[in-house]
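Chemist: The structure file target.pdb (PDB, C-alpha atoms) is provided below.
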```pdb
MODEL        1
ATOM      1  CA  MET A   2     -11.099  -2.477 -10.117
ATOM      2  CA  LEU A   3     -10.944  -0.339  -6.964
ATOM      3  CA  ARG A   4      -7.911   1.963  -6.989
ATOM      4  CA  TRP A   5      -6.744   3.381  -3.668
ATOM      5  CA  ASP A   6      -5.161   6.479  -5.171
ATOM      6  CA  LYS A   7      -8.410   7.393  -6.986
ATOM      7  CA  LEU A   8     -10.562   7.278  -3.851
ATOM      8  CA  THR A   9     -11.454  10.581  -2.154
ATOM      9  CA  ASN A  10     -10.364  11.569   1.337
ATOM     10  CA  ARG A  11     -13.333  13.396   2.863
ATOM     11  CA  ASN A  12     -11.372  14.261   6.004
ATOM     12  CA  ALA A  13      -8.698  16.258   4.181
ATOM     13  CA  SER A  14      -8.931  19.670   2.526
ATOM     14  CA  LEU A  15      -6.633  22.049   0.672
ATOM     15  CA  LYS A  16      -5.575  23.382   4.097
ATOM     16  CA  ASP A  17      -3.823  20.041   4.639
ATOM     17  CA  VAL A  18      -1.770  20.469   1.463
ATOM     18  CA  ALA A  19       1.716  22.021   1.501
ATOM     19  CA  SER A  20       1.689  24.597  -1.288
ATOM     20  CA  ILE A  21       5.506  24.678  -1.302
ATOM     21  CA  LYS A  22       5.545  20.996  -2.263
ATOM     22  CA  VAL A  23       3.139  21.658  -5.117
ATOM     23  CA  LYS A  24       5.262  24.590  -6.313
ATOM     24  CA  GLU A  25       8.381  22.395  -6.280
ATOM     25  CA  PHE A  26       6.507  19.793  -8.297
ATOM     26  CA  CYS A  27       5.420  22.442 -10.807
ATOM     27  CA  LYS A  28       9.073  23.398 -11.339
ATOM     28  CA  LEU A  29      10.015  19.760 -11.931
ATOM     29  CA  SER A  30       7.150  19.187 -14.353
ATOM     30  CA  GLY A  31       7.409  22.519 -16.151
ATOM     31  CA  THR A  32       3.932  23.566 -15.031
ATOM     32  CA  SER A  33       2.961  27.153 -14.218
ATOM     33  CA  PHE A  34       1.655  27.461 -10.677
ATOM     34  CA  THR A  35      -1.602  29.399 -10.319
ATOM     35  CA  ASN A  36      -3.451  28.144  -7.265
ATOM     36  CA  LEU A  37      -3.876  24.782  -5.554
ATOM     37  CA  ASN A  38      -7.422  24.203  -6.710
ATOM     38  CA  ASP A  39      -6.666  24.796 -10.401
ATOM     39  CA  ILE A  40      -3.443  22.783 -10.314
ATOM     40  CA  PHE A  41      -5.099  19.806  -8.634
ATOM     41  CA  GLU A  42      -8.032  19.900 -11.042
ATOM     42  CA  SER A  43      -5.679  19.927 -14.035
ATOM     43  CA  MET A  44      -3.777  16.944 -12.597
ATOM     44  CA  GLY A  45      -6.905  14.957 -11.791
ATOM     45  CA  LEU A  46      -6.343  15.100  -8.046
ATOM     46  CA  LEU A  47      -9.832  16.373  -7.218
ATOM     47  CA  SER A  48     -13.183  14.650  -7.442
ATOM     48  CA  LYS A  49     -16.224  16.870  -6.840
ATOM     49  CA  LYS A  50     -13.975  19.287  -4.957
ATOM     50  CA  ASN A  51     -12.706  16.492  -2.686
ATOM     51  CA  LEU A  52      -9.020  15.583  -2.560
ATOM     52  CA  LEU A  53      -8.038  12.156  -3.836
ATOM     53  CA  ASN A  54      -5.861   9.946  -1.635
ATOM     54  CA  ALA A  55      -3.072  10.494  -4.154
ATOM     55  CA  ALA A  56      -3.160  14.256  -3.573
ATOM     56  CA  VAL A  57      -2.815  13.885   0.192
ATOM     57  CA  ILE A  58      -0.062  11.271   0.234
ATOM     58  CA  LEU A  59       1.926  13.136  -2.430
ATOM     59  CA  PHE A  60       1.514  16.738  -1.297
ATOM     60  CA  GLY A  61       0.058  16.653   2.210
ATOM     61  CA  LYS A  62       1.692  18.577   5.050
ATOM     62  CA  GLN A  63       1.481  15.453   7.235
ATOM     63  CA  PRO A  64       0.093  12.510   5.240
ATOM     64  CA  GLN A  65       0.791  10.197   8.173
ATOM     65  CA  LYS A  66      -2.099  11.883  10.039
ATOM     66  CA  PHE A  67      -4.463  10.341   7.498
ATOM     67  CA  TYR A  68      -2.557   7.180   6.503
ATOM     68  CA  SER A  69      -0.637   5.122   9.050
ATOM     69  CA  ASN A  70       1.342   3.489   6.231
ATOM     70  CA  ALA A  71       2.814   6.764   4.929
ATOM     71  CA  LYS A  72       6.036   5.594   6.523
ATOM     72  CA  LEU A  73       9.352   3.935   5.763
ATOM     73  CA  MET A  74      11.399   1.632   7.994
ATOM     74  CA  CYS A  75      15.163   1.398   7.369
ATOM     75  CA  SER A  76      17.518  -1.022   9.114
ATOM     76  CA  VAL A  77      21.187  -1.990   8.975
ATOM     77  CA  PHE A  78      22.296  -5.431  10.172
ATOM     78  CA  ALA A  79      25.756  -6.559  11.236
ATOM     79  CA  ALA A  80      25.803  -9.783   9.212
ATOM     80  CA  ASP A  81      23.825 -11.609   6.525
ATOM     81  CA  ASN A  82      20.860 -12.212   8.864
ATOM     82  CA  THR A  83      18.702 -10.197  11.267
ATOM     83  CA  ALA A  84      20.354 -11.457  14.477
ATOM     84  CA  HIS A  85      22.217  -8.236  15.266
ATOM     85  CA  ILE A  86      20.906  -4.828  14.282
ATOM     86  CA  ILE A  87      23.307  -1.888  13.966
ATOM     87  CA  ASP A  88      20.905   0.920  13.169
ATOM     88  CA  GLN A  89      17.199   1.465  12.610
ATOM     89  CA  LYS A  90      15.248   4.570  11.617
ATOM     90  CA  GLU A  91      11.631   5.280  10.807
ATOM     91  CA  PHE A  92      10.558   8.075   8.473
ATOM     92  CA  ALA A  93       7.064   9.499   7.933
ATOM     93  CA  GLY A  94       5.814  11.952   5.323
ATOM     94  CA  ASP A  95       4.827  12.376   1.692
ATOM     95  CA  LEU A  96       6.052   9.996  -1.010
ATOM     96  CA  PHE A  97       8.605  12.408  -2.482
ATOM     97  CA  PHE A  98      10.128  12.866   0.993
ATOM     98  CA  LEU A  99      10.183   9.129   1.703
ATOM     99  CA  ILE A 100      11.849   8.336  -1.633
ATOM    100  CA  THR A 101      14.554  10.926  -0.936
ATOM    101  CA  GLU A 102      15.138   9.617   2.598
ATOM    102  CA  ALA A 103      15.272   6.017   1.390
ATOM    103  CA  GLU A 104      17.967   6.805  -1.156
ATOM    104  CA  SER A 105      19.923   8.934   1.309
ATOM    105  CA  TYR A 106      19.811   6.273   4.044
ATOM    106  CA  ILE A 107      21.061   3.528   1.736
ATOM    107  CA  LEU A 108      23.899   5.648   0.356
ATOM    108  CA  LYS A 109      25.000   6.491   3.913
ATOM    109  CA  ASN A 110      25.170   2.810   4.826
ATOM    110  CA  ILE A 111      26.837   1.171   1.824
ATOM    111  CA  HIS A 112      30.381   1.478   0.536
ATOM    112  CA  ILE A 113      31.248   4.486  -1.570
ATOM    113  CA  GLY A 114      34.241   4.332  -3.861
ATOM    114  CA  MET A 115      35.595   7.166  -5.905
ATOM    115  CA  ASN A 116      37.039   8.130  -9.242
ATOM    116  CA  VAL A 117      39.541  10.970  -9.213
ATOM    117  CA  LYS A 118      39.769  13.179 -12.278
ATOM    118  CA  GLY A 119      42.392  15.842 -11.874
ATOM    119  CA  LEU A 120      41.642  17.513  -8.562
ATOM    120  CA  PHE A 121      37.981  16.485  -8.610
ATOM    121  CA  ARG A 122      36.488  13.516  -6.817
ATOM    122  CA  GLU A 123      33.478  11.582  -8.094
ATOM    123  CA  ASP A 124      31.747   9.341  -5.557
ATOM    124  CA  ILE A 125      30.765   5.900  -6.883
ATOM    125  CA  PRO A 126      28.428   3.813  -4.673
ATOM    126  CA  GLU A 127      28.812   0.035  -4.725
ATOM    127  CA  ILE A 128      25.210  -0.186  -5.970
ATOM    128  CA  ASN A 129      24.514   1.728  -9.157
ATOM    129  CA  ARG A 130      22.684   4.934  -8.261
ATOM    130  CA  GLU A 131      20.246   4.788 -11.215
ATOM    131  CA  ALA A 132      19.246   1.210 -10.430
ATOM    132  CA  LEU A 133      18.917   2.017  -6.740
ATOM    133  CA  ARG A 134      16.644   4.985  -7.354
ATOM    134  CA  GLU A 135      14.501   2.990  -9.782
ATOM    135  CA  VAL A 136      14.001   0.187  -7.253
ATOM    136  CA  ILE A 137      13.015   2.660  -4.536
ATOM    137  CA  ILE A 138      10.558   4.531  -6.758
ATOM    138  CA  ASN A 139       9.035   1.264  -7.991
ATOM    139  CA  ALA A 140       8.428   0.179  -4.402
ATOM    140  CA  PHE A 141       6.390   3.301  -3.621
ATOM    141  CA  LEU A 142       4.691   3.308  -7.013
ATOM    142  CA  HIS A 143       3.516  -0.298  -7.046
ATOM    143  CA  ARG A 144       2.828  -0.967  -3.365
ATOM    144  CA  ASP A 145      -0.678  -1.743  -2.110
ATOM    145  CA  TYR A 146      -1.842   1.270  -0.084
ATOM    146  CA  PHE A 147      -4.887  -0.623   1.191
ATOM    147  CA  ASP A 148      -2.390  -2.676   3.199
ATOM    148  CA  PRO A 149      -1.576  -0.970   6.559
ATOM    149  CA  ASP A 150       2.028  -2.215   6.436
ATOM    150  CA  PHE A 151       4.797   0.035   5.100
ATOM    151  CA  ILE A 152       7.883  -0.273   2.932
ATOM    152  CA  SER A 153      11.033  -1.570   4.618
ATOM    153  CA  ILE A 154      14.666  -1.311   3.598
ATOM    154  CA  ASN A 155      17.101  -3.823   5.064
ATOM    155  CA  ILE A 156      20.843  -3.461   4.536
ATOM    156  CA  PHE A 157      22.782  -6.637   5.237
ATOM    157  CA  LYS A 158      26.507  -7.257   4.944
ATOM    158  CA  ASN A 159      26.081  -9.040   1.605
ATOM    159  CA  ARG A 160      22.875  -7.553   0.161
ATOM    160  CA  LEU A 161      20.227  -4.853   0.105
ATOM    161  CA  GLU A 162      16.551  -5.834   0.403
ATOM    162  CA  ILE A 163      13.600  -3.573  -0.328
ATOM    163  CA  LYS A 164      10.195  -4.964   0.626
ATOM    164  CA  ASN A 165       6.869  -3.444  -0.297
ATOM    165  CA  PRO A 166       3.355  -4.588   0.655
ATOM    166  CA  GLY A 167       1.376  -5.909  -2.279
ATOM    167  CA  GLY A 168       2.367  -8.542  -4.789
ATOM    168  CA  LEU A 169       2.381  -8.060  -8.538
ATOM    169  CA  PHE A 170      -0.793  -6.384  -9.739
ATOM    170  CA  GLY A 171      -3.325  -7.555 -12.306
ATOM    171  CA  GLY A 172      -2.398 -11.219 -12.271
ATOM    172  CA  LEU A 173       1.158 -10.631 -13.506
ATOM    173  CA  LYS A 174       3.968 -13.028 -12.636
ATOM    174  CA  ILE A 175       7.688 -12.444 -12.141
ATOM    175  CA  ASP A 176       8.404 -14.016 -15.522
ATOM    176  CA  ASP A 177       6.070 -11.506 -17.219
ATOM    177  CA  ILE A 178       8.021  -8.492 -15.985
ATOM    178  CA  LEU A 179      11.467 -10.043 -16.496
ATOM    179  CA  ARG A 180      11.225 -11.769 -19.853
ATOM    180  CA  ARG A 181       8.330 -10.001 -21.539
ATOM    181  CA  ASN A 182       8.758  -6.528 -20.007
ATOM    182  CA  ILE A 183       5.041  -6.335 -19.187
ATOM    183  CA  SER A 184       3.909  -4.041 -16.393
ATOM    184  CA  LYS A 185       0.551  -3.050 -14.927
ATOM    185  CA  ARG A 186       0.198  -0.111 -12.580
ATOM    186  CA  ARG A 187      -1.762  -0.505  -9.379
ATOM    187  CA  ASN A 188      -1.717   3.252  -8.671
ATOM    188  CA  GLU A 189      -2.374   5.073 -11.936
ATOM    189  CA  VAL A 190      -2.739   8.574 -10.483
ATOM    190  CA  ILE A 191       0.499   8.326  -8.492
ATOM    191  CA  ALA A 192       2.206   6.898 -11.592
ATOM    192  CA  ASP A 193       1.029   9.886 -13.632
ATOM    193  CA  ILE A 194       2.356  12.374 -11.059
ATOM    194  CA  PHE A 195       5.692  10.541 -10.869
ATOM    195  CA  SER A 196       5.874  10.627 -14.643
ATOM    196  CA  ARG A 197       5.170  14.362 -14.753
ATOM    197  CA  ALA A 198       7.927  14.903 -12.178
ATOM    198  CA  ARG A 199      10.222  12.774 -14.367
ATOM    199  CA  PHE A 200      10.585  10.154 -11.650
ATOM    200  CA  VAL A 201       9.506   7.374 -13.991
ATOM    201  CA  GLU A 202       9.125   6.874 -17.724
ATOM    202  CA  ARG A 203       5.712   6.282 -19.260
ATOM    203  CA  LYS A 204       7.168   3.375 -21.279
ATOM    204  CA  GLY A 205       7.682   1.362 -18.085
ATOM    205  CA  ARG A 206      11.248   0.186 -18.703
ATOM    206  CA  GLY A 207      12.201   0.353 -15.021
ATOM    207  CA  ILE A 208      12.953  -3.361 -14.600
ATOM    208  CA  ALA A 209      15.074  -3.379 -17.757
ATOM    209  CA  LEU A 210      17.062  -0.401 -16.449
ATOM    210  CA  ILE A 211      17.632  -2.055 -13.065
ATOM    211  CA  LEU A 212      18.887  -5.270 -14.671
ATOM    212  CA  GLU A 213      21.062  -3.353 -17.115
ATOM    213  CA  LYS A 214      22.825  -1.531 -14.268
ATOM    214  CA  GLU A 215      22.669  -4.317 -11.655
ATOM    215  CA  PRO A 216      22.326  -7.674 -13.523
ATOM    216  CA  ASP A 217      22.316  -9.773 -10.330
ATOM    217  CA  THR A 218      19.185  -8.097  -8.954
ATOM    218  CA  HIS A 219      16.655 -10.687  -7.770
ATOM    219  CA  PHE A 220      12.874 -10.230  -7.651
ATOM    220  CA  GLU A 221      10.518 -12.447  -5.697
ATOM    221  CA  GLN A 222       7.044 -12.482  -4.244
ATOM    222  CA  ILE A 223       6.296 -14.109  -0.896
ATOM    223  CA  GLY A 224       2.604 -14.004  -0.110
ATOM    224  CA  GLU A 225       1.582 -10.397  -0.662
ATOM    225  CA  ILE A 226       5.089  -9.007  -0.167
ATOM    226  CA  PHE A 227       7.266  -8.065  -3.144
ATOM    227  CA  ILE A 228      11.009  -8.215  -2.451
ATOM    228  CA  THR A 229      13.843  -6.774  -4.520
ATOM    229  CA  THR A 230      17.330  -7.944  -3.570
ATOM    230  CA  ILE A 231      20.550  -6.380  -4.841
ATOM    231  CA  LYS A 232      23.882  -8.002  -4.049
ATOM    232  CA  ARG A 233      26.466  -5.810  -2.382
ATOM    233  CA  LYS A 234      29.985  -5.699  -3.750
ATOM    234  CA  ILE A 235      33.312  -5.861  -1.988
ATOM    235  CA  LYS A 236      34.538  -2.590  -0.523
ATOM    236  CA  LEU A 237      35.365  -0.199  -3.299
ATOM    237  CA  ILE A 238      38.788   1.405  -3.415
ATOM    238  CA  PRO A 239      39.632   4.761  -4.949
ATOM    239  CA  GLN A 240      40.419   4.731  -8.649
ATOM    240  CA  VAL A 241      42.683   7.234 -10.365
ATOM    241  CA  ASP A 242      41.617   8.369 -13.801
ATOM    242  CA  GLY A 243      44.880   9.862 -15.034
ATOM    243  CA  GLY A 244      44.358  12.856 -12.747
ATOM    244  CA  LEU A 245      47.234  12.353 -10.335
ATOM    245  CA  THR A 246      50.629  12.984 -11.850
ATOM    246  CA  GLY A 247      54.231  13.274 -10.732
ATOM    247  CA  GLY A 248      54.878  13.117  -7.015
ATOM    248  CA  LEU A 249      51.197  12.942  -6.072
ATOM    249  CA  LYS A 250      50.760   9.821  -8.149
ATOM    250  CA  ASN A 251      53.979   8.252  -6.836
ATOM    251  CA  VAL A 252      52.946   8.753  -3.211
ATOM    252  CA  PHE A 253      49.401   7.551  -3.892
ATOM    253  CA  GLU A 254      50.591   4.369  -5.637
ATOM    254  CA  LEU A 255      53.157   3.680  -2.900
ATOM    255  CA  ILE A 256      50.532   3.896  -0.136
ATOM    256  CA  LYS A 257      48.135   1.826  -2.236
ATOM    257  CA  THR A 258      50.628  -1.027  -2.743
ATOM    258  CA  ASN A 259      52.467  -0.736   0.582
ATOM    259  CA  PRO A 260      50.115   0.733   3.222
ATOM    260  CA  GLY A 261      51.267   1.807   6.665
ATOM    261  CA  GLN A 262      54.185   3.988   5.560
ATOM    262  CA  ASN A 263      54.893   7.279   7.296
ATOM    263  CA  THR A 264      56.237  10.518   5.833
ATOM    264  CA  LYS A 265      59.865   9.602   6.516
ATOM    265  CA  SER A 266      59.704   6.152   4.928
ATOM    266  CA  ILE A 267      57.882   7.538   1.880
ATOM    267  CA  SER A 268      60.528  10.238   1.554
ATOM    268  CA  VAL A 269      63.266   7.602   1.520
ATOM    269  CA  GLU A 270      61.336   5.331  -0.855
ATOM    270  CA  ILE A 271      60.803   7.976  -3.555
ATOM    271  CA  SER A 272      63.970   9.975  -2.841
ATOM    272  CA  LYS A 273      62.221  13.278  -2.146
ATOM    273  CA  PRO A 274      62.539  15.719   0.797
ATOM    274  CA  GLU A 275      60.141  15.150   3.692
ATOM    275  CA  LYS A 276      58.663  18.655   3.343
ATOM    276  CA  THR A 277      57.785  17.933  -0.289
ATOM    277  CA  VAL A 278      56.231  14.610   0.676
ATOM    278  CA  GLU A 279      54.214  16.348   3.408
ATOM    279  CA  LYS A 280      52.693  18.695   0.795
ATOM    280  CA  TRP A 281      51.694  15.781  -1.420
ATOM    281  CA  ILE A 282      50.243  13.866   1.527
ATOM    282  CA  LYS A 283      48.250  16.932   2.562
ATOM    283  CA  LYS A 284      46.767  17.166  -0.946
ATOM    284  CA  LEU A 285      45.879  13.445  -0.992
ATOM    285  CA  ARG A 286      44.171  13.814   2.374
ATOM    286  CA  GLU A 287      42.221  16.834   1.120
ATOM    287  CA  LEU A 288      41.041  14.669  -1.775
ATOM    288  CA  ASN A 289      39.914  12.133   0.846
ATOM    289  CA  LEU A 290      42.055   9.428  -0.758
ATOM    290  CA  ILE A 291      44.214   8.490   2.220
ATOM    291  CA  GLU A 292      44.088   8.607   6.010
ATOM    292  CA  PHE A 293      46.525   8.231   8.900
ATOM    293  CA  ARG A 294      45.990   5.295  11.236
ATOM    294  CA  GLY A 295      47.692   4.492  14.520
ATOM    295  CA  SER A 296      49.883   6.503  16.849
ATOM    296  CA  LYS A 297      52.219   9.281  15.765
ATOM    297  CA  LYS A 298      55.238   7.075  16.417
ATOM    298  CA  SER A 299      54.175   3.789  14.854
ATOM    299  CA  GLY A 300      51.240   4.735  12.621
ATOM    300  CA  GLY A 301      51.168   5.285   8.889
ATOM    301  CA  TYR A 302      49.051   6.183   5.861
ATOM    302  CA  HIS A 303      46.426   3.901   4.353
ATOM    303  CA  MET A 304      43.904   4.041   1.519
ATOM    304  CA  LYS A 305      40.598   5.488   2.707
TER     305      LYS A 305
ENDMDL
END
```
For this file, produce the structure as structure tokens.
Modeler:
Amino acid sequence: MLRWDKLTNRNASLKDVASIKVKEFCKLSGTSFTNLNDIFESMGLLSKKNLLNAAVILFGKQPQKFYSNAKLMCSVFAADNTAHIIDQKEFAGDLFFLITEAESYILKNIHIGMNVKGLFREDIPEINREALREVIINAFLHRDYFDPDFISINIFKNRLEIKNPGGLFGGLKIDDILRRNISKRRNEVIADIFSRARFVERKGRGIALILEKEPDTHFEQIGEIFITTIKRKIKLIPQVDGGLTGGLKNVFELIKTNPGQNTKSISVEISKPEKTVEKWIKKLRELNLIEFRGSKKSGGYHMK
């Protein structure tokens, strides 16, 4: 069976490869960097001194010069349909770059909650980060690179959709990957490089991990497009993990249960001087837990 990533690119040479990207990969994989030729030979990215497609799209300076589908389209919509678009960005580059940008774009456009431990804040996205990363990597790993189309990420009010060109490979069906945990890789060379970089596991338990972290994830194939849909959750609110104590906790809980209070009303409510309350409010704002809304005269503090 013809594999895109194993075909040679006779128009590209080692001059088109970014050595810094290869060196970064070597650090991730625990490989000693010598020179590009030796490294690529050891990784099976050369064939008769010609670069494979996998080498160019993974480590090329500008892979999009050779492959029009070395791109990613990201969009945010105002509702649950595509009627009104809020934001749209297109990214082009190597697969490691596109995976990073995909994850970053999604995290910037979904709700982020938090868990406060002592004076430290831990950001918690509404979609589990491990599941999200696995879905993104799977899209780039299993897509059909013969198809000129590119991967698209659509963020709706109620869901996240990731679409990649190319249906399930090797005659597999959705039921095979969900119930029987069977997978077949369309791009074996790319899969090997991802595995060396610890992006994926050789055992192929990606779907199981996604469903463990995000049980409502839905997979479907429409024509030659594979779609992964993850439901979005309601807006997350900050959670306190026993870190806030005394006055800080009292002020935090008061604003949480009765938003819109100002410094004076909080001072009266908890029977503490306004200057003391101001210090606690300042600390809560530094922790990014609360914010002031409205005018100075009529406004008050709310959960962020």
Chemist: Which residues come within 12 Å of Cys27 (chain A), counting all atoms listed in the file, excluding same-chain residues fewer than 2 positions away, as a list in words?
Modeler: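 Counting all atoms listed in the file, the residues come to Ser20, Ile21, Lys22, Val23, Lys24, Glu25, Leu29, Ser30, Gly31, Thr32, Ser33, Phe34, Thr35, Asn36, Leu37, Ile40, Phe41, Ser43, Met44, Phe60, Ile194, Phe195, Arg197, Ala198 and Arg199 of chain A.
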Chemist: As a check of understanding, name the residues that the PyMOL selection byres ((chain A and resi 213) around 12) selects in the supplied structure, as a VMD selection string.
Modeler: chain A and resid 129 131 to 133 135 179 206 to 212 214 to 218
Chemist: Go ahead and save the picked residues with C-alpha atoms, as an mmCIF file, keeping the file's coordinate frame.
Modeler:
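New file again01.cif:
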```cif
data_model
loop_
_atom_site.group_PDB
_atom_site.id
_atom_site.type_symbol
_atom_site.label_atom_id
_atom_site.label_comp_id
_atom_site.auth_asym_id
_atom_site.auth_seq_id
_atom_site.Cartn_x
_atom_site.Cartn_y
_atom_site.Cartn_z
ATOM 1 C CA ASN A 129 24.514 1.728 -9.157
ATOM 2 C CA GLU A 131 20.246 4.788 -11.215
ATOM 3 C CA ALA A 132 19.246 1.210 -10.430
ATOM 4 C CA LEU A 133 18.917 2.017 -6.740
ATOM 5 C CA GLU A 135 14.501 2.990 -9.782
ATOM 6 C CA LEU A 179 11.467 -10.043 -16.496
ATOM 7 C CA ARG A 206 11.248 0.186 -18.703
ATOM 8 C CA GLY A 207 12.201 0.353 -15.021
ATOM 9 C CA ILE A 208 12.953 -3.361 -14.600
ATOM 10 C CA ALA A 209 15.074 -3.379 -17.757
ATOM 11 C CA LEU A 210 17.062 -0.401 -16.449
ATOM 12 C CA ILE A 211 17.632 -2.055 -13.065
ATOM 13 C CA LEU A 212 18.887 -5.270 -14.671
ATOM 14 C CA LYS A 214 22.825 -1.531 -14.268
ATOM 15 C CA GLU A 215 22.669 -4.317 -11.655
ATOM 16 C CA PRO A 216 22.326 -7.674 -13.523
ATOM 17 C CA ASP A 217 22.316 -9.773 -10.330
ATOM 18 C CA THR A 218 19.185 -8.097 -8.954
#
```
Chemist: Mind pulling up the distance from CA of Pro166 (chain A) to CA of Arg186 (chain A)?
Modeler: 14.3 Å
Chemist: What's the separation between CA of Ala103 (chain A) and CA of Lys90 (chain A), in Å to one decimal place?
Modeler: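 We find that CA of Ala103 (chain A) and CA of Lys90 (chain A) lie 10.3 Å from each other.
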Chemist: Convert the output of the PyMOL selection byres ((chain A and resi 87) around 8) on the shown file into explicit residues, formatted as number ranges by chain.
Modeler: A: 76-79, 85-86, 88-89
Chemist: State, in Å with one decimal place, the distance from CA of Ala84 (chain A) to CA of Asp150 (chain A).
Modeler: 22.0 Å
Chemist: Using all atoms listed in the file for the distances, tell me which of A:Ile111, A:Phe141, A:Asp81, A:Leu3 is nearest to Glu127 (chain A).
Modeler: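 Between A:Ile111, A:Phe141, A:Asp81, A:Leu3, the residue approaching Glu127 (chain A) most closely is A:Ile111.
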Chemist: Please provide as a ChimeraX atom specification all residues within 10 Å of Glu189 (chain A), with the sequence filter that same-chain residues fewer than 4 positions apart are discarded (counting only C-alpha atoms).
Modeler: /A:4-7,55,142-143,185,193-195
Chemist: Please determine, counting all atoms listed in the file, which residue among A:Ile223, A:Leu169, A:Leu59, A:Ile175 has the shortest atom-to-atom distance to Arg144 (chain A).
Modeler: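 The closest residue to Arg144 (chain A) is A:Leu169.
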Chemist: Using all atoms listed in the file for the distances, tell me which of A:Lys62, A:Arg134, A:Lys164, A:Arg180 is nearest to Gly94 (chain A).
Modeler: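 Looking only at the distances to Gly94 (chain A), the closest residue turns out to be A:Lys62.
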Chemist: Let me have the centre and edge lengths in Å, one decimal, of the box along x, y and z around every listed atom of region 81-84 of chain A with 8 Å of margin on each side, as AutoDock Vina command-line options.
Modeler:
```
--center_x 21.3 --center_y -11.2 --center_z 10.5 --size_x 21.1 --size_y 18.0 --size_z 24.0
```
Chemist: Any chance you could resolve the PyMOL selection byres ((chain A and resi 266) around 12) against this file and give the residues as a VMD selection string?
Modeler: chain A and resid 252 255 to 256 259 to 265 267 to 275 278 to 279 299 to 302
Chemist: Quick one: of A:Glu42, A:Ile282, A:Ile125, A:Lys298, who's nearest to Gly248 (chain A), counting all atoms listed in the file?
Modeler: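 Closest residue, counting all atoms listed in the file: A:Ile282.
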Chemist: Pick from A:Phe170, A:Phe200, A:Phe157, A:Phe67: nearest to Arg11 (chain A), with only C-alpha atoms counted?
Modeler: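 Among the listed residues, A:Phe67 lies closest to Arg11 (chain A).
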Chemist: So which one's closest to Glu221 (chain A), A:Arg187, A:Asp176, A:Leu73, A:Lys250? Using all atoms listed in the file, please.
Modeler: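 Result for the nearest residue to Glu221 (chain A): A:Asp176.
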